[in-house]
file entry_2.txt (compact mmCIF, C-alpha atoms)
# COMPACT_ATOMS: atom_id res chain seq x y z
CA MET A 1 -16.12 2.39 -27.97
CA VAL A 2 -13.85 -0.11 -29.71
CA GLY A 3 -14.72 -3.00 -31.99
CA ALA A 4 -12.94 -5.74 -33.90
CA GLY A 5 -11.50 -3.08 -36.21
CA ALA A 6 -9.34 -1.86 -33.32
CA GLN A 7 -7.85 -5.22 -32.32
CA HIS A 8 -4.53 -4.41 -34.01
CA ALA A 9 -4.39 -0.95 -32.44
CA ALA A 10 -4.38 -1.75 -28.71
CA PRO A 11 -1.31 0.34 -27.71
CA GLU A 12 -2.49 3.31 -29.72
CA VAL A 13 -6.04 3.16 -28.36
CA LEU A 14 -4.72 2.98 -24.81
CA ALA A 15 -2.38 5.92 -25.40
CA LEU A 16 -5.28 7.98 -26.75
CA ALA A 17 -7.49 7.00 -23.85
CA GLU A 18 -4.81 7.98 -21.34
CA ALA A 19 -4.17 11.30 -23.09
CA LEU A 20 -7.89 12.10 -22.95
CA GLY A 21 -8.62 10.49 -19.61
CA ALA A 22 -11.45 8.63 -21.35
CA PRO A 23 -12.80 5.19 -20.36
CA VAL A 24 -12.78 2.52 -23.10
CA THR A 25 -15.49 -0.08 -23.55
CA ALA A 26 -16.47 -2.81 -26.01
CA PHE A 27 -19.43 -5.06 -26.69
CA ARG A 28 -18.01 -8.20 -28.33
CA GLY A 29 -15.27 -7.97 -30.92
CA GLY A 30 -13.34 -5.17 -29.26
CA ARG A 31 -12.96 -6.74 -25.84
CA GLY A 32 -9.35 -6.88 -24.71
CA VAL A 33 -8.19 -3.93 -26.81
CA VAL A 34 -7.91 -2.16 -23.46
CA SER A 35 -7.66 -4.53 -20.53
CA GLU A 36 -10.70 -4.39 -18.29
CA ASP A 37 -8.42 -4.37 -15.24
CA HIS A 38 -6.84 -1.14 -16.46
CA ALA A 39 -8.06 2.02 -14.72
CA LEU A 40 -9.66 3.14 -18.00
CA GLY A 41 -11.00 -0.28 -19.01
CA ALA A 42 -14.78 -0.41 -18.69
CA GLY A 43 -16.96 -3.46 -19.25
CA SER A 44 -20.36 -2.91 -20.82
CA ALA A 45 -22.12 -2.72 -17.46
CA ALA A 46 -19.71 -0.06 -16.23
CA ALA A 47 -20.07 1.79 -19.54
CA TRP A 48 -23.85 1.82 -19.11
CA GLU A 49 -23.43 3.50 -15.74
CA LEU A 50 -21.22 6.17 -17.35
CA TRP A 51 -23.44 6.71 -20.39
CA ALA A 52 -25.72 9.34 -18.85
CA GLU A 53 -22.77 11.68 -18.24
CA THR A 54 -21.03 10.97 -21.55
CA ASP A 55 -20.71 14.03 -23.77
CA VAL A 56 -18.62 12.55 -26.62
CA LEU A 57 -18.43 8.99 -27.91
CA ILE A 58 -15.41 8.02 -30.01
CA GLY A 59 -16.06 4.85 -31.98
CA ILE A 60 -12.88 3.14 -33.20
CA GLY A 61 -13.38 0.21 -35.57
CA SER A 62 -16.83 -0.30 -34.08
CA ARG A 63 -20.43 -0.24 -35.29
CA CYS A 64 -21.27 1.39 -31.93
CA GLU A 65 -24.10 -1.13 -31.75
CA MET A 66 -24.28 -1.07 -27.98
CA GLN A 67 -24.91 2.67 -27.73
CA SER A 68 -26.90 3.23 -30.91
CA MET A 69 -29.10 0.09 -30.84
CA ARG A 70 -28.90 -1.92 -27.61
CA TRP A 71 -29.40 1.06 -25.32
CA THR A 72 -32.15 2.68 -27.42
CA GLY A 73 -35.23 3.27 -25.33
CA MET A 74 -33.53 2.18 -22.12
CA MET A 75 -33.03 5.79 -21.05
CA GLN A 76 -35.21 8.80 -21.59
CA GLU A 77 -33.45 12.15 -21.50
CA HIS A 78 -30.10 10.40 -22.15
CA ASP A 79 -31.38 8.09 -24.87
CA ARG A 80 -29.37 6.95 -27.87
CA LEU A 81 -26.85 9.41 -29.36
CA ALA A 82 -29.15 12.40 -29.19
CA ALA A 83 -27.87 15.97 -28.98
CA PRO A 84 -25.97 17.45 -27.26
CA ARG A 85 -23.95 14.23 -27.18
CA LYS A 86 -21.44 14.06 -30.07
CA LEU A 87 -20.25 11.04 -32.05
CA ILE A 88 -16.79 10.69 -33.63
CA ARG A 89 -16.15 7.58 -35.70
CA ILE A 90 -12.84 6.18 -36.99
CA GLU A 91 -13.75 3.54 -39.56
CA ILE A 92 -11.88 1.89 -42.44
CA GLU A 93 -15.07 1.26 -44.43
CA PRO A 94 -16.60 4.48 -45.86
CA ASP A 95 -20.09 3.01 -46.27
CA GLU A 96 -20.24 2.27 -42.56
CA LEU A 97 -20.28 6.00 -41.85
CA LEU A 98 -23.46 6.26 -43.92
CA ARG A 99 -25.27 3.73 -41.73
CA LEU A 100 -24.62 5.54 -38.46
CA LYS A 101 -23.71 9.08 -39.37
CA PRO A 102 -21.27 10.70 -36.97
CA ASP A 103 -20.72 14.36 -36.16
CA VAL A 104 -17.12 13.76 -37.26
CA GLY A 105 -16.22 10.83 -39.49
CA ILE A 106 -12.67 9.69 -40.23
CA VAL A 107 -12.09 7.05 -42.90
CA ALA A 108 -8.75 5.56 -41.96
CA ASP A 109 -6.95 2.70 -40.23
CA ALA A 110 -7.64 2.60 -36.50
CA LYS A 111 -4.00 2.15 -35.50
CA ALA A 112 -2.60 5.01 -37.59
CA THR A 113 -5.43 7.37 -36.70
CA ALA A 114 -5.34 6.72 -32.96
CA ARG A 115 -1.60 7.34 -32.98
CA ALA A 116 -2.04 10.56 -34.96
CA LYS A 117 -4.74 11.78 -32.57
CA VAL A 118 -2.48 11.15 -29.57
CA GLU A 119 0.19 13.28 -31.21
CA GLU A 120 -2.35 16.02 -31.93
CA VAL A 121 -3.54 15.94 -28.35
CA GLN A 122 -0.02 15.83 -26.94
CA PRO A 123 2.91 15.40 -29.35
CA HIS A 124 5.26 14.38 -26.51
CA VAL A 125 3.15 11.40 -25.49
CA GLY A 126 4.58 9.25 -28.28
CA TYR A 127 8.10 9.87 -27.01
CA LEU A 128 7.05 9.08 -23.46
CA ASP A 129 5.45 5.84 -24.65
CA THR A 130 8.73 4.86 -26.29
CA ILE A 131 10.83 5.69 -23.24
CA ARG A 132 8.41 3.78 -21.00
CA ALA A 133 8.57 0.74 -23.29
CA VAL A 134 12.37 0.72 -23.15
CA LEU A 135 13.04 1.73 -19.55
CA PRO A 136 12.87 -1.26 -17.16
CA ARG A 137 10.07 -1.26 -14.61
CA ASP A 138 12.53 -0.31 -11.86
CA GLY A 139 14.33 2.22 -14.04
CA ILE A 140 14.33 5.85 -12.92
CA LEU A 141 12.88 8.73 -14.92
CA VAL A 142 13.96 12.23 -13.94
CA LYS A 143 11.77 14.93 -15.48
CA ASP A 144 12.62 18.56 -15.88
CA ILE A 145 10.29 21.54 -16.23
CA CYS A 146 9.62 21.07 -19.93
CA GLN A 147 6.75 20.11 -22.23
CA ALA A 148 7.57 16.38 -22.14
CA GLY A 149 7.99 16.63 -18.38
CA PHE A 150 4.57 18.22 -17.95
CA ALA A 151 3.01 15.57 -20.18
CA SER A 152 4.58 12.90 -17.96
CA TYR A 153 2.28 14.01 -15.12
CA PHE A 154 -0.58 12.22 -16.85
CA ALA A 155 1.03 10.11 -19.60
CA TRP A 156 3.83 8.32 -17.75
CA PRO A 157 2.92 5.10 -15.91
CA VAL A 158 4.91 4.75 -12.69
CA TYR A 159 5.33 1.18 -11.45
CA GLN A 160 7.41 1.52 -8.30
CA PRO A 161 8.20 4.10 -5.61
CA ARG A 162 11.24 6.33 -6.18
CA THR A 163 11.35 5.69 -9.89
CA TYR A 164 9.79 9.04 -10.94
CA LEU A 165 11.78 12.02 -9.71
CA THR A 166 10.60 15.61 -10.01
CA SER A 167 11.44 18.97 -8.52
CA GLY A 168 8.23 18.84 -6.55
CA TYR A 169 6.19 21.91 -5.75
CA GLN A 170 9.09 24.32 -6.30
CA GLY A 171 9.25 23.62 -10.05
CA ASN A 172 12.99 24.22 -10.36
CA LEU A 173 13.92 24.62 -14.01
CA GLY A 174 17.19 22.85 -14.78
CA HIS A 175 17.26 20.53 -11.78
CA ALA A 176 16.92 17.29 -13.75
CA LEU A 177 20.46 16.69 -15.04
CA PRO A 178 22.20 17.12 -11.65
CA THR A 179 19.43 15.10 -9.99
CA ALA A 180 19.88 12.29 -12.50
CA LEU A 181 23.61 12.16 -11.78
CA GLY A 182 22.83 11.67 -8.10
CA ALA A 183 20.17 9.06 -8.87
CA LYS A 184 22.59 7.01 -10.98
CA VAL A 185 25.36 7.23 -8.39
CA GLY A 186 22.90 6.22 -5.68
CA CYS A 187 21.38 3.40 -7.75
CA PRO A 188 24.18 2.30 -10.10
CA ASP A 189 22.41 -0.92 -11.08
CA LYS A 190 19.30 0.87 -12.32
CA ALA A 191 18.79 2.57 -15.66
CA VAL A 192 18.35 6.34 -15.32
CA VAL A 193 16.84 8.52 -18.05
CA THR A 194 16.45 12.28 -17.91
CA ILE A 195 13.94 14.21 -20.01
CA THR A 196 14.61 17.92 -20.34
CA GLY A 197 14.09 20.83 -22.68
CA ASP A 198 16.99 22.77 -24.10
CA GLY A 199 16.26 25.69 -21.78
CA GLY A 200 16.45 23.57 -18.65
CA PHE A 201 19.35 21.52 -19.96
CA LEU A 202 21.51 24.63 -20.38
CA PHE A 203 21.26 25.38 -16.66
CA ALA A 204 23.68 22.53 -15.96
CA ALA A 205 24.88 21.26 -19.35
CA GLN A 206 28.48 21.39 -18.14
CA GLU A 207 27.72 18.56 -15.70
CA LEU A 208 27.97 16.16 -18.63
CA SER A 209 31.72 16.50 -18.17
CA THR A 210 31.27 15.40 -14.54
CA ALA A 211 29.37 12.35 -15.74
CA ALA A 212 32.06 11.56 -18.29
CA GLN A 213 34.86 12.06 -15.77
CA HIS A 214 33.32 9.69 -13.26
CA GLY A 215 31.69 7.22 -15.66
CA ILE A 216 28.11 7.93 -14.58
CA GLY A 217 26.09 6.05 -17.19
CA MET A 218 22.77 7.85 -17.40
CA VAL A 219 20.91 8.94 -20.55
CA THR A 220 19.76 12.49 -21.19
CA VAL A 221 17.00 13.14 -23.74
CA VAL A 222 17.00 16.82 -24.72
CA PHE A 223 13.86 18.06 -26.44
CA ARG A 224 15.19 20.97 -28.50
CA ASN A 225 12.41 23.45 -29.26
CA GLN A 226 14.72 26.48 -29.09
CA ALA A 227 12.52 28.19 -26.52
CA TYR A 228 11.34 28.42 -22.97
CA GLY A 229 8.18 26.73 -24.15
CA ASN A 230 5.65 27.77 -21.52
CA VAL A 231 6.87 31.35 -21.45
CA ARG A 232 6.73 31.52 -25.24
CA ARG A 233 3.19 30.10 -25.31
CA ASP A 234 1.99 32.54 -22.67
CA GLN A 235 3.44 35.43 -24.63
CA GLN A 236 1.61 34.25 -27.72
CA THR A 237 -1.75 33.51 -26.10
CA VAL A 238 -1.96 35.89 -23.14
CA PHE A 239 0.17 38.83 -24.23
CA GLU A 240 -1.00 39.09 -27.85
CA GLY A 241 2.18 37.69 -29.33
CA ARG A 242 4.55 40.19 -27.75
CA MET A 243 7.67 38.02 -27.63
CA ILE A 244 10.67 38.78 -25.46
CA ALA A 245 13.48 36.61 -24.07
CA SER A 246 11.66 33.32 -24.68
CA ASP A 247 13.47 32.09 -27.81
CA LEU A 248 16.82 30.32 -27.53
CA PRO A 249 19.69 30.16 -30.03
CA GLU A 250 20.04 27.12 -32.25
CA LEU A 251 22.74 25.04 -30.61
CA ASP A 252 24.08 21.64 -31.62
CA TYR A 253 23.62 19.59 -28.47
CA VAL A 254 25.20 16.52 -30.00
CA LYS A 255 28.45 18.44 -30.54
CA LEU A 256 28.14 19.95 -27.08
CA ALA A 257 27.93 16.45 -25.62
CA GLU A 258 30.79 15.12 -27.71
CA ALA A 259 32.99 18.05 -26.67
CA GLN A 260 32.58 16.81 -23.08
CA GLY A 261 33.35 13.19 -23.89
CA VAL A 262 29.74 12.03 -24.08
CA ALA A 263 28.23 10.07 -26.96
CA GLY A 264 25.64 12.19 -28.75
CA TYR A 265 22.80 11.09 -31.03
CA ARG A 266 19.80 12.61 -32.81
CA ALA A 267 16.22 11.38 -33.08
CA ASP A 268 13.33 12.97 -34.92
CA SER A 269 10.51 10.61 -33.97
CA PRO A 270 9.60 8.05 -31.29
CA ALA A 271 10.60 5.31 -33.77
CA THR A 272 14.12 6.70 -34.24
CA LEU A 273 14.50 7.33 -30.51
CA GLN A 274 13.78 3.74 -29.54
CA PRO A 275 16.90 1.92 -30.87
CA LEU A 276 19.21 4.67 -29.59
CA LEU A 277 17.72 4.47 -26.12
CA GLU A 278 17.68 0.67 -26.12
CA LYS A 279 21.39 0.51 -26.92
CA ALA A 280 22.39 3.14 -24.37
CA ILE A 281 20.43 1.41 -21.59
CA ALA A 282 21.66 -2.05 -22.57
CA ASP A 283 25.27 -0.83 -22.56
CA ASP A 284 24.75 1.15 -19.32
CA ALA A 285 26.38 3.95 -21.30
CA LEU A 286 26.49 7.69 -20.79
CA ALA A 287 24.66 9.26 -23.70
CA LEU A 288 22.76 12.33 -24.86
CA ILE A 289 19.95 12.10 -27.40
CA GLU A 290 18.74 15.32 -29.01
CA VAL A 291 15.13 15.39 -30.22
CA ALA A 292 14.21 18.35 -32.40
CA VAL A 293 10.68 19.66 -31.82
CA ASP A 294 8.91 22.47 -33.67
CA PRO A 295 7.70 24.81 -30.90
CA ASP A 296 4.64 25.73 -32.96
CA SER A 297 3.59 22.07 -33.08
CA GLU A 298 3.46 21.69 -29.31
CA VAL A 299 0.14 21.56 -27.52
CA SER A 300 -0.24 22.95 -24.04
CA PRO A 301 -0.32 20.11 -21.49
CA TRP A 302 -2.05 22.20 -18.84
CA PRO A 303 -5.67 21.41 -19.75
CA TYR A 304 -4.87 17.71 -19.26
CA ILE A 305 -3.08 18.33 -15.98
CA ILE A 306 -5.82 20.57 -14.61
CA LYS A 307 -8.52 18.02 -15.52
CA ARG A 308 -6.68 15.48 -13.42
CA GLY A 309 -6.78 17.65 -10.33
call {"tool": "encode", "arguments": {"input": "entry_2.txt", "output": "structure tokens"}}
result
Amino acid sequence: MVGAGAQHAAPEVLALAEALGAPVTAFRGGRGVVSEDHALGAGSAAAWELWAETDVLIGIGSRCEMQSMRWTGMMQEHDRLAAPRKLIRIEIEPDELLRLKPDVGIVADAKATARAKVEEVQPHVGYLDTIRAVLPRDGILVKDICQAGFASYFAWPVYQPRTYLTSGYQGNLGHALPTALGAKVGCPDKAVVTITGDGGFLFAAQELSTAAQHGIGMVTVVFRNQAYGNVRRDQQTVFEGRMIASDLPELDYVKLAEAQGVAGYRADSPATLQPLLEKAIADDALALIEVAVDPDSEVSPWPYIIKRG
């Protein structure tokens, strides 16, 4: 539920909604924060239909008047905000949380908090948002078997056929860089961006020299977490922390790129990634951008993928 206090946070609210798979509604002041023709945009009538099966309401910059006052008495067993339904409120005014007390109250700016919650839910979503904002609608994204790649299953809007390339059912680790070379050669007038982890990248890292030799101007974004991320997580969570062969050495991928005649850059946030990616795409230039990620900060994407079928 969004109100006027979320008007300046539209991109962040939408990113959070997409990460959660949660519909967004408004009563008056919050209308338009998420477009009502978006798949997750819900007008008040549609929200009413969904209310009976709602287990958690997140109020962002909203008095939640519609749910807590307007709908009172209109339903019986699903009335108001009664248990077991939970209420989370993000509100800039502390006193407002005293009027309608939430199960979880956050006193903070809607924009900053929604962005932070997206990163807590899926830290790679912010990077995907940045790449999507920069990559033209007909640009091609090639995703590897990596944490950002998994997150792209649910957090990457695809606008046209043949612009989102994956390994398909086989799940071939390391396929992305060679595939991206072929995509750029086949579609030289389109921007091509590869997202890969360091584990997958090392399967074919030497092909950067092929790209340099033949002037194949695609961009590779390497998320360096120094691990086979899914294997490492499984060892921690399923095998009681017994770690073997899942950690990778600390390599300098910028130097590795430069040694093959490829421009290399570093980014440590979506904000620092954006100008580097914009320039590389505008120049149609071959480039590698290394993004350092703490493996212990990563959140498993699988619950979000499984929920979406």
call {"tool": "residues_near_point", "arguments": {"input": "entry_2.txt", "point": "(-8.0, -3.1, -16.2)", "cutoff": "12 Å", "atoms": "only C-alpha atoms", "output": "list in words"}}
result
Leu14, Pro23, Val24, Thr25, Arg31, Gly32, Val33, Val34, Ser35, Glu36, Asp37, His38, Ala39, Leu40, Gly41, Ala42 and Gly43 of chain A
call {"tool": "closest_atom_pairs", "arguments": {"input": "entry_2.txt", "of": "range 90-146 of chain A", "to": "range 260-282 of chain A", "cutoff": "10 Å", "atoms": "only C-alpha atoms", "output": "CSV"}}
result
residue,atom,partner,partner_atom,distance
A:His124,CA,A:Pro270,CA,9.0
A:Val125,CA,A:Pro270,CA,9.3
A:Gly126,CA,A:Pro270,CA,6.0
A:Tyr127,CA,A:Pro270,CA,4.9
A:Leu128,CA,A:Pro270,CA,8.3
A:Asp129,CA,A:Pro270,CA,8.1
A:Thr130,CA,A:Pro270,CA,6.0
A:Ile131,CA,A:Gln274,CA,7.2
A:Ala133,CA,A:Gln274,CA,8.7
A:Val134,CA,A:Glu278,CA,6.1
A:Leu135,CA,A:Ile281,CA,7.7
A:Pro136,CA,A:Ile281,CA,9.2
A:Gly139,CA,A:Ile281,CA,9.7
call {"tool": "write_last_selection", "arguments": {"input": "entry_2.txt", "atoms": "C-alpha atoms", "output": "PDB file, in the coordinates of the input"}}
result
ATOM      1  CA  HIS A 124       5.260  14.380 -26.510  1.00  0.00           C
ATOM      2  CA  VAL A 125       3.150  11.400 -25.490  1.00  0.00           C
ATOM      3  CA  GLY A 126       4.580   9.250 -28.280  1.00  0.00           C
ATOM      4  CA  TYR A 127       8.100   9.870 -27.010  1.00  0.00           C
ATOM      5  CA  LEU A 128       7.050   9.080 -23.460  1.00  0.00           C
ATOM      6  CA  ASP A 129       5.450   5.840 -24.650  1.00  0.00           C
ATOM      7  CA  THR A 130       8.730   4.860 -26.290  1.00  0.00           C
ATOM      8  CA  ILE A 131      10.830   5.690 -23.240  1.00  0.00           C
ATOM      9  CA  ALA A 133       8.570   0.740 -23.290  1.00  0.00           C
ATOM     10  CA  VAL A 134      12.370   0.720 -23.150  1.00  0.00           C
ATOM     11  CA  LEU A 135      13.040   1.730 -19.550  1.00  0.00           C
ATOM     12  CA  PRO A 136      12.870  -1.260 -17.160  1.00  0.00           C
ATOM     13  CA  GLY A 139      14.330   2.220 -14.040  1.00  0.00           C
TER      14      GLY A 139
END
call {"tool": "atom_distance", "arguments": {"input": "entry_2.txt", "atom1": "CA of Ala259 in chain A", "atom2": "CA of Phe201 in chain A"}}
result
15.6 Å
call {"tool": "atom_distance", "arguments": {"input": "entry_2.txt", "atom1": "CA of Ala176 in chain A", "atom2": "CA of Asp144 in chain A"}}
result
5.0 Å
call {"tool": "closest_residue", "arguments": {"input": "entry_2.txt", "among": "A:Pro178, A:Gly199, A:Pro157, A:Gly217", "to": "Pro249 in chain A", "atoms": "only C-alpha atoms"}}
result
A:Gly199
call {"tool": "atom_distance", "arguments": {"input": "entry_2.txt", "atom1": "CA of Tyr159 in chain A", "atom2": "CA of Arg137 in chain A"}}
result
6.2 Å
call {"tool": "axis_aligned_box", "arguments": {"input": "entry_2.txt", "around": "range 245-248 of chain A", "padding_each_side": "3 Å", "output": "lines of an AutoDock Vina configuration file"}}
result
center_x = 14.2
center_y = 33.5
center_z = -25.9
size_x = 11.2
size_y = 12.3
size_z = 9.7
call {"tool": "closest_residue", "arguments": {"input": "entry_2.txt", "among": "A:Thr220, A:Gln236, A:Ser209, A:Gln160", "to": "Thr179 in chain A", "atoms": "all atoms listed in the file"}}
result
A:Thr220
call {"tool": "residues_around", "arguments": {"input": "entry_2.txt", "residues": "Met1 in chain A", "least_positions_apart": "5", "cutoff": "10 Å", "atoms": "all atoms listed in the file", "output": "ChimeraX atom specification"}}
result
/A:6,23-27,30-31,42,44,47,57-67,89
call {"tool": "residues_around", "arguments": {"input": "entry_2.txt", "residues": "Pro188 in chain A", "least_positions_apart": "4", "cutoff": "9 Å", "atoms": "all atoms listed in the file", "output": "list in words"}}
result
Ala183, Lys184, Val192, Ile216 and Gly217 of chain A
call {"tool": "closest_residue", "arguments": {"input": "entry_2.txt", "among": "A:Trp48, A:Ser300, A:Ala292, A:Ile92", "to": "Arg70 in chain A", "atoms": "all atoms listed in the file"}}
result
A:Trp48
call {"tool": "closest_residue", "arguments": {"input": "entry_2.txt", "among": "A:Ala205, A:Ala212, A:Ala46, A:Ala227", "to": "Ala287 in chain A", "atoms": "only C-alpha atoms"}}
result
A:Ala212
call {"tool": "residues_near_point", "arguments": {"input": "entry_2.txt", "point": "(11.9, 22.0, -12.2)", "cutoff": "10 Å", "atoms": "all atoms listed in the file", "output": "PyMOL selection string"}}
result
chain A and resi 143-146+149+166-176+196+200
